[in-house]
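**Q** I have a structure here, written as structure tokens, and I will follow up with some questions on it.
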Amino acid sequence: MEKHKRAKMWLTHPYKWGQKYSLWPVHFCTGCGAIEMPPTMLAPYDASRFGMGPMASPRQANLLLITGYMTTKTLKYVIRTYEQMLTPRYVLSFGSCPIDGGLYYTSYNTINHLEWYLPVDVWIAGCMPRPEAFLMGVNRLMEEIEAGRADGYKRYEENIDYYRRNQERTLGKEFLTELKQVEWLT
Ligand code: SF4
């Protein structure tokens, strides 16, 4: 029994280690936080130290960064992008706007609670969080991956009816039809 436990630990540890240092964000930003990304990824903070590298295609990415407020128009593309990404996939959200609407709480075309539409693994509060806060969020995500708690993609699959209901309420029935067409293309 003890032998099995140890073997399992040796097998799962490198696997989790590899997952935690292979975060590939899709090259797609929303809201004010987009401006924090160049210094985070390039020389001043050099996020590639943590095994991060932006990907042009969602098919090769496993990290979705929601970098600020989101209009309903953008939400459509964000959901489409998320559904085309690799699993396990993670969502990291920046700033107050995706949490509760923030500055745009009363706006007619901005969503107030990202969690109604997509599962978020790590929230970074602030308006707008600086690159140091973003890197803290990345470290937090790595800890969650290592501990096996970064399971937003599973929550999405298990509660798909809940997410689809909210998506339909905000984006309309046509959106779900369009989404099916994209699925069919993939
Ligand atoms: S939290 Fe502040 S900085 Fe971020 S998107 Fe909202 S208004 Fe912009």
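By order of appearance in the structure tokens: chains A, B, ..., then residues from 1 within every chain, and ligands from 1 in the order shown.
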Do you have, as a Markdown table, the list of residues of stretch 63-115 of chain A lying at most 12 Å from stretch 133-140 of chain A, each with its nearest atom pair and that distance in Å to one decimal, counting only C-alpha atoms and ordered by chain then number?
**A**
```
| residue | atom | partner | partner_atom | distance |
| --- | --- | --- | --- | --- |
| A:Leu63 | CA | A:Val138 | CA | 10.2 |
| A:Leu64 | CA | A:Val138 | CA | 11.7 |
| A:Leu65 | CA | A:Phe134 | CA | 10.1 |
| A:Ile66 | CA | A:Phe134 | CA | 11.3 |
| A:Thr67 | CA | A:Phe134 | CA | 9.9 |
| A:Tyr90 | CA | A:Val138 | CA | 10.7 |
| A:Val91 | CA | A:Val138 | CA | 10.5 |
| A:Leu92 | CA | A:Gly137 | CA | 7.6 |
| A:Ser93 | CA | A:Gly137 | CA | 9.0 |
| A:Phe94 | CA | A:Phe134 | CA | 7.6 |
| A:Gly95 | CA | A:Phe134 | CA | 9.9 |
```
**Q** Pull N, CA and C atoms from the residues just selected and write them as an mmCIF file, in the first residue's frame.
**A**
```cif
data_model
loop_
_atom_site.group_PDB
_atom_site.id
_atom_site.type_symbol
_atom_site.label_atom_id
_atom_site.label_comp_id
_atom_site.auth_asym_id
_atom_site.auth_seq_id
_atom_site.Cartn_x
_atom_site.Cartn_y
_atom_site.Cartn_z
ATOM 1 N N LEU A 63 -4.457 29.214 -20.995
ATOM 2 C CA LEU A 63 -4.742 30.248 -19.996
ATOM 3 C C LEU A 63 -5.450 31.424 -20.665
ATOM 4 N N LEU A 64 -6.613 31.773 -20.115
ATOM 5 C CA LEU A 64 -7.368 32.913 -20.645
ATOM 6 C C LEU A 64 -7.275 34.043 -19.630
ATOM 7 N N LEU A 65 -6.762 35.193 -20.084
ATOM 8 C CA LEU A 65 -6.629 36.347 -19.191
ATOM 9 C C LEU A 65 -7.764 37.311 -19.486
ATOM 10 N N ILE A 66 -8.558 37.597 -18.476
ATOM 11 C CA ILE A 66 -9.624 38.587 -18.640
ATOM 12 C C ILE A 66 -9.077 39.859 -18.018
ATOM 13 N N THR A 67 -8.618 40.774 -18.863
ATOM 14 C CA THR A 67 -7.844 41.899 -18.339
ATOM 15 C C THR A 67 -8.687 43.167 -18.171
ATOM 16 N N TYR A 90 -7.421 27.337 -17.875
ATOM 17 C CA TYR A 90 -7.602 28.159 -16.684
ATOM 18 C C TYR A 90 -8.014 29.583 -17.060
ATOM 19 N N VAL A 91 -8.745 30.224 -16.136
ATOM 20 C CA VAL A 91 -9.144 31.616 -16.358
ATOM 21 C C VAL A 91 -8.620 32.455 -15.200
ATOM 22 N N LEU A 92 -7.909 33.514 -15.543
ATOM 23 C CA LEU A 92 -7.375 34.430 -14.539
ATOM 24 C C LEU A 92 -7.980 35.802 -14.827
ATOM 25 N N SER A 93 -8.633 36.377 -13.820
ATOM 26 C CA SER A 93 -9.371 37.614 -14.056
ATOM 27 C C SER A 93 -8.713 38.796 -13.343
ATOM 28 N N PHE A 94 -8.577 39.914 -14.054
ATOM 29 C CA PHE A 94 -7.920 41.114 -13.528
ATOM 30 C C PHE A 94 -8.945 42.179 -13.178
ATOM 31 N N GLY A 95 -8.715 42.864 -12.097
ATOM 32 C CA GLY A 95 -9.446 44.100 -11.823
ATOM 33 C C GLY A 95 -10.840 43.893 -11.248
#
```
**Q** Mind the document's chain letters and residue numbers, and return as an mmCIF file with N, CA and C atoms, in the first residue's frame the residues of stretch 9-130 of chain A that DSSP labels helix (DSSP H, G or I).
**A**
```
data_model
loop_
_atom_site.group_PDB
_atom_site.id
_atom_site.type_symbol
_atom_site.label_atom_id
_atom_site.label_comp_id
_atom_site.auth_asym_id
_atom_site.auth_seq_id
_atom_site.Cartn_x
_atom_site.Cartn_y
_atom_site.Cartn_z
ATOM 1 N N MET A 9 2.843 9.232 -5.988
ATOM 2 C CA MET A 9 3.415 10.551 -5.742
ATOM 3 C C MET A 9 4.477 10.879 -6.794
ATOM 4 N N TRP A 10 5.340 9.867 -7.108
ATOM 5 C CA TRP A 10 6.404 10.105 -8.085
ATOM 6 C C TRP A 10 5.850 10.312 -9.484
ATOM 7 N N LEU A 11 4.718 9.660 -9.748
ATOM 8 C CA LEU A 11 4.143 9.824 -11.089
ATOM 9 C C LEU A 11 3.387 11.138 -11.218
ATOM 10 N N THR A 12 2.645 11.506 -10.159
ATOM 11 C CA THR A 12 1.825 12.722 -10.274
ATOM 12 C C THR A 12 2.652 13.990 -10.105
ATOM 13 N N HIS A 13 3.737 13.914 -9.318
ATOM 14 C CA HIS A 13 4.493 15.135 -9.067
ATOM 15 C C HIS A 13 5.069 15.743 -10.359
ATOM 16 N N PRO A 14 5.800 14.976 -11.193
ATOM 17 C CA PRO A 14 6.329 15.580 -12.429
ATOM 18 C C PRO A 14 5.230 16.059 -13.347
ATOM 19 N N TYR A 15 4.081 15.354 -13.311
ATOM 20 C CA TYR A 15 2.957 15.738 -14.156
ATOM 21 C C TYR A 15 2.415 17.106 -13.746
ATOM 22 N N LYS A 16 2.206 17.271 -12.432
ATOM 23 C CA LYS A 16 1.693 18.548 -11.913
ATOM 24 C C LYS A 16 2.734 19.650 -12.109
ATOM 25 N N TRP A 17 3.999 19.284 -11.895
ATOM 26 C CA TRP A 17 5.090 20.241 -12.053
ATOM 27 C C TRP A 17 5.100 20.759 -13.499
ATOM 28 N N GLY A 18 4.955 19.834 -14.449
ATOM 29 C CA GLY A 18 4.939 20.213 -15.863
ATOM 30 C C GLY A 18 3.751 21.107 -16.180
ATOM 31 N N GLN A 19 2.606 20.757 -15.603
ATOM 32 C CA GLN A 19 1.385 21.559 -15.860
ATOM 33 C C GLN A 19 1.556 22.974 -15.321
ATOM 34 N N LYS A 20 2.110 23.059 -14.127
ATOM 35 C CA LYS A 20 2.209 24.353 -13.456
ATOM 36 C C LYS A 20 3.171 25.300 -14.179
ATOM 37 N N CYS A 32 -8.890 47.721 -19.723
ATOM 38 C CA CYS A 32 -7.708 48.535 -19.427
ATOM 39 C C CYS A 32 -6.454 47.703 -19.121
ATOM 40 N N GLY A 33 -6.627 46.470 -18.641
ATOM 41 C CA GLY A 33 -5.482 45.657 -18.213
ATOM 42 C C GLY A 33 -4.571 45.268 -19.354
ATOM 43 N N ALA A 34 -5.034 45.410 -20.583
ATOM 44 C CA ALA A 34 -4.205 45.042 -21.733
ATOM 45 C C ALA A 34 -2.873 45.785 -21.674
ATOM 46 N N ILE A 35 -2.909 46.996 -21.145
ATOM 47 C CA ILE A 35 -1.718 47.839 -21.121
ATOM 48 C C ILE A 35 -0.680 47.323 -20.131
ATOM 49 N N GLU A 36 -1.100 46.493 -19.177
ATOM 50 C CA GLU A 36 -0.160 45.932 -18.191
ATOM 51 C C GLU A 36 0.578 44.710 -18.748
ATOM 52 N N MET A 37 0.099 44.174 -19.867
ATOM 53 C CA MET A 37 0.679 42.931 -20.362
ATOM 54 C C MET A 37 2.076 43.067 -20.966
ATOM 55 N N PRO A 38 2.342 44.103 -21.828
ATOM 56 C CA PRO A 38 3.696 44.177 -22.408
ATOM 57 C C PRO A 38 4.811 44.185 -21.360
ATOM 58 N N PRO A 39 4.745 45.063 -20.295
ATOM 59 C CA PRO A 39 5.850 45.001 -19.330
ATOM 60 C C PRO A 39 5.903 43.686 -18.564
ATOM 61 N N THR A 40 4.741 43.012 -18.427
ATOM 62 C CA THR A 40 4.739 41.742 -17.679
ATOM 63 C C THR A 40 5.417 40.644 -18.500
ATOM 64 N N MET A 41 5.136 40.624 -19.797
ATOM 65 C CA MET A 41 5.668 39.554 -20.630
ATOM 66 C C MET A 41 7.105 39.838 -21.069
ATOM 67 N N ALA A 47 7.821 37.374 -17.776
ATOM 68 C CA ALA A 47 6.956 36.279 -17.312
ATOM 69 C C ALA A 47 7.381 34.914 -17.857
ATOM 70 N N SER A 48 8.257 34.879 -18.877
ATOM 71 C CA SER A 48 8.678 33.570 -19.385
ATOM 72 C C SER A 48 9.532 32.827 -18.355
ATOM 73 N N ARG A 49 10.007 33.517 -17.323
ATOM 74 C CA ARG A 49 10.691 32.840 -16.203
ATOM 75 C C ARG A 49 9.794 31.784 -15.591
ATOM 76 N N PHE A 50 8.469 32.023 -15.667
ATOM 77 C CA PHE A 50 7.513 31.081 -15.064
ATOM 78 C C PHE A 50 6.966 30.103 -16.091
ATOM 79 N N PRO A 58 -6.155 29.918 -29.826
ATOM 80 C CA PRO A 58 -6.689 29.293 -28.606
ATOM 81 C C PRO A 58 -6.442 27.784 -28.578
ATOM 82 N N ARG A 59 -6.251 27.180 -29.745
ATOM 83 C CA ARG A 59 -6.020 25.722 -29.788
ATOM 84 C C ARG A 59 -4.710 25.315 -29.135
ATOM 85 N N GLN A 60 -3.796 26.293 -28.996
ATOM 86 C CA GLN A 60 -2.503 25.966 -28.377
ATOM 87 C C GLN A 60 -2.374 26.609 -27.004
ATOM 88 N N THR A 72 -20.815 43.118 -23.702
ATOM 89 C CA THR A 72 -21.501 41.889 -24.116
ATOM 90 C C THR A 72 -20.967 41.424 -25.477
ATOM 91 N N LYS A 73 -20.580 42.385 -26.314
ATOM 92 C CA LYS A 73 -20.027 42.031 -27.624
ATOM 93 C C LYS A 73 -18.738 41.218 -27.458
ATOM 94 N N THR A 74 -17.878 41.669 -26.534
ATOM 95 C CA THR A 74 -16.609 40.966 -26.315
ATOM 96 C C THR A 74 -16.858 39.612 -25.669
ATOM 97 N N LEU A 75 -17.851 39.560 -24.773
ATOM 98 C CA LEU A 75 -18.139 38.309 -24.071
ATOM 99 C C LEU A 75 -18.348 37.149 -25.057
ATOM 100 N N LYS A 76 -19.038 37.436 -26.165
ATOM 101 C CA LYS A 76 -19.274 36.393 -27.175
ATOM 102 C C LYS A 76 -17.959 35.766 -27.627
ATOM 103 N N TYR A 77 -16.984 36.640 -27.944
ATOM 104 C CA TYR A 77 -15.720 36.138 -28.476
ATOM 105 C C TYR A 77 -14.897 35.461 -27.392
ATOM 106 N N VAL A 78 -15.061 35.940 -26.158
ATOM 107 C CA VAL A 78 -14.324 35.337 -25.053
ATOM 108 C C VAL A 78 -14.826 33.896 -24.820
ATOM 109 N N ILE A 79 -16.146 33.714 -24.862
ATOM 110 C CA ILE A 79 -16.702 32.358 -24.658
ATOM 111 C C ILE A 79 -16.262 31.436 -25.799
ATOM 112 N N ARG A 80 -16.334 31.945 -27.016
ATOM 113 C CA ARG A 80 -15.901 31.142 -28.165
ATOM 114 C C ARG A 80 -14.438 30.742 -28.025
ATOM 115 N N THR A 81 -13.622 31.694 -27.595
ATOM 116 C CA THR A 81 -12.186 31.430 -27.436
ATOM 117 C C THR A 81 -11.978 30.367 -26.368
ATOM 118 N N TYR A 82 -12.649 30.554 -25.213
ATOM 119 C CA TYR A 82 -12.486 29.615 -24.092
ATOM 120 C C TYR A 82 -12.838 28.188 -24.525
ATOM 121 N N GLU A 83 -13.911 28.064 -25.278
ATOM 122 C CA GLU A 83 -14.364 26.717 -25.635
ATOM 123 C C GLU A 83 -13.449 26.042 -26.658
ATOM 124 N N GLN A 84 -12.590 26.799 -27.304
ATOM 125 C CA GLN A 84 -11.664 26.185 -28.259
ATOM 126 C C GLN A 84 -10.317 25.858 -27.642
ATOM 127 N N CYS A 97 -13.714 45.204 -12.363
ATOM 128 C CA CYS A 97 -14.853 45.151 -13.307
ATOM 129 C C CYS A 97 -15.401 43.742 -13.535
ATOM 130 N N PRO A 98 -14.558 42.736 -13.784
ATOM 131 C CA PRO A 98 -15.147 41.400 -13.987
ATOM 132 C C PRO A 98 -15.760 40.814 -12.712
ATOM 133 N N ILE A 99 -15.339 41.317 -11.539
ATOM 134 C CA ILE A 99 -15.863 40.771 -10.277
ATOM 135 C C ILE A 99 -17.299 41.256 -10.052
ATOM 136 N N ASP A 100 -17.494 42.590 -10.136
ATOM 137 C CA ASP A 100 -18.837 43.111 -9.816
ATOM 138 C C ASP A 100 -19.264 44.292 -10.695
ATOM 139 N N GLY A 102 -17.494 46.943 -11.291
ATOM 140 C CA GLY A 102 -16.579 48.049 -11.005
ATOM 141 C C GLY A 102 -17.134 49.402 -11.423
ATOM 142 N N LEU A 103 -16.296 50.131 -12.115
ATOM 143 C CA LEU A 103 -16.634 51.476 -12.575
ATOM 144 C C LEU A 103 -17.825 51.477 -13.539
ATOM 145 N N TYR A 104 -18.026 50.339 -14.196
ATOM 146 C CA TYR A 104 -19.073 50.249 -15.235
ATOM 147 C C TYR A 104 -20.320 49.525 -14.729
ATOM 148 N N LEU A 114 -18.478 38.114 -14.167
ATOM 149 C CA LEU A 114 -17.903 37.173 -15.138
ATOM 150 C C LEU A 114 -18.224 35.726 -14.765
ATOM 151 N N GLU A 115 -18.271 35.461 -13.454
ATOM 152 C CA GLU A 115 -18.493 34.097 -12.962
ATOM 153 C C GLU A 115 -19.833 33.511 -13.440
ATOM 154 N N TRP A 116 -20.782 34.366 -13.858
ATOM 155 C CA TRP A 116 -22.048 33.849 -14.372
ATOM 156 C C TRP A 116 -21.875 33.176 -15.734
#
```
**Q** Would you work out the distance separating atom CA of A:Val26 from atom CA of A:Thr87, expressed in Å to one decimal?
**A**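 Interatomic distance here is 13.2 Å.
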**Q** Could you please determine the separation between atom CA of A:Gly53 and atom CA of A:Leu23 in Å, to one decimal place?
**A**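 Separation between atom CA of A:Gly53 and atom CA of A:Leu23: 7.1 Å.
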**Q** With only C-alpha atoms as the atoms that count, which of A:Leu86, A:Lys180, A:Gly68, A:Pro25 lies nearest to A:Ala56?
**A**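 Selected residue with least distance to A:Ala56: A:Pro25.
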**Q** Would you kindly return, as number ranges by chain, each protein, DNA or RNA residue with an atom no farther than 12 Å from any atom of A:Glu157, considering only C-alpha atoms and excluding same-chain residues fewer than 2 positions away?
**A** A: 83, 87-89, 118-119, 151-155, 159-164
**Q** At a cut-off of 10 Å, using only C-alpha atoms, what residues contact A:Leu176? Leave out same-chain residues fewer than 3 positions from it and give the result as a PyMOL selection string.
**A** chain A and resi 76+164-165+167-168+171-173+179-182
**Q** Restrict the selected residues to C-alpha atoms and save them as a short mmCIF file (atom, residue, chain, number, x, y, z; two decimals), in the first residue's frame.
**A**
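So part.cif came out as:
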```cif
data_model
loop_
_atom_site.label_atom_id
_atom_site.label_comp_id
_atom_site.auth_asym_id
_atom_site.auth_seq_id
_atom_site.Cartn_x
_atom_site.Cartn_y
_atom_site.Cartn_z
CA LYS A 76 -19.27 36.39 -27.18
CA ARG A 164 -25.68 28.24 -21.03
CA ARG A 165 -28.76 29.75 -19.35
CA GLN A 167 -25.13 33.13 -21.72
CA GLU A 168 -28.47 32.87 -23.48
CA LEU A 171 -26.43 37.14 -25.54
CA GLY A 172 -29.63 35.69 -26.95
CA LYS A 173 -30.55 32.33 -28.48
CA LEU A 179 -21.60 28.56 -30.99
CA LYS A 180 -22.87 25.19 -32.22
CA GLN A 181 -21.78 26.10 -35.73
CA VAL A 182 -18.28 26.87 -34.46
#
```
**Q** What separation in Å, quoted to one decimal, exists between atom CA of A:Gly31 and atom CA of A:Tyr45?
**A** 20.8 Å
**Q** Give the strand (DSSP E or B) residues of stretch 60-142 of chain A, as assigned by DSSP on the backbone, as a ChimeraX atom specification.
**A** /A:63-66,71,90-94,110,122-124
**Q** Set the distance at 7 Å and use only C-alpha atoms: which residues neighbour A:Trp24 once local chain neighbours fewer than 4 positions away are removed? I'd like the list as a list in words.
**A** Met52, Gly53, Pro54, Met55, Ala61, Asn62 and Leu63 of chain A
**Q** From the set A:Met128, A:Tyr21, A:Cys29, A:Ile111, which residue has the shortest atom-to-atom contact distance to ligand 1, counting only C-alpha atoms and all ligand atoms?
**A** A:Met128
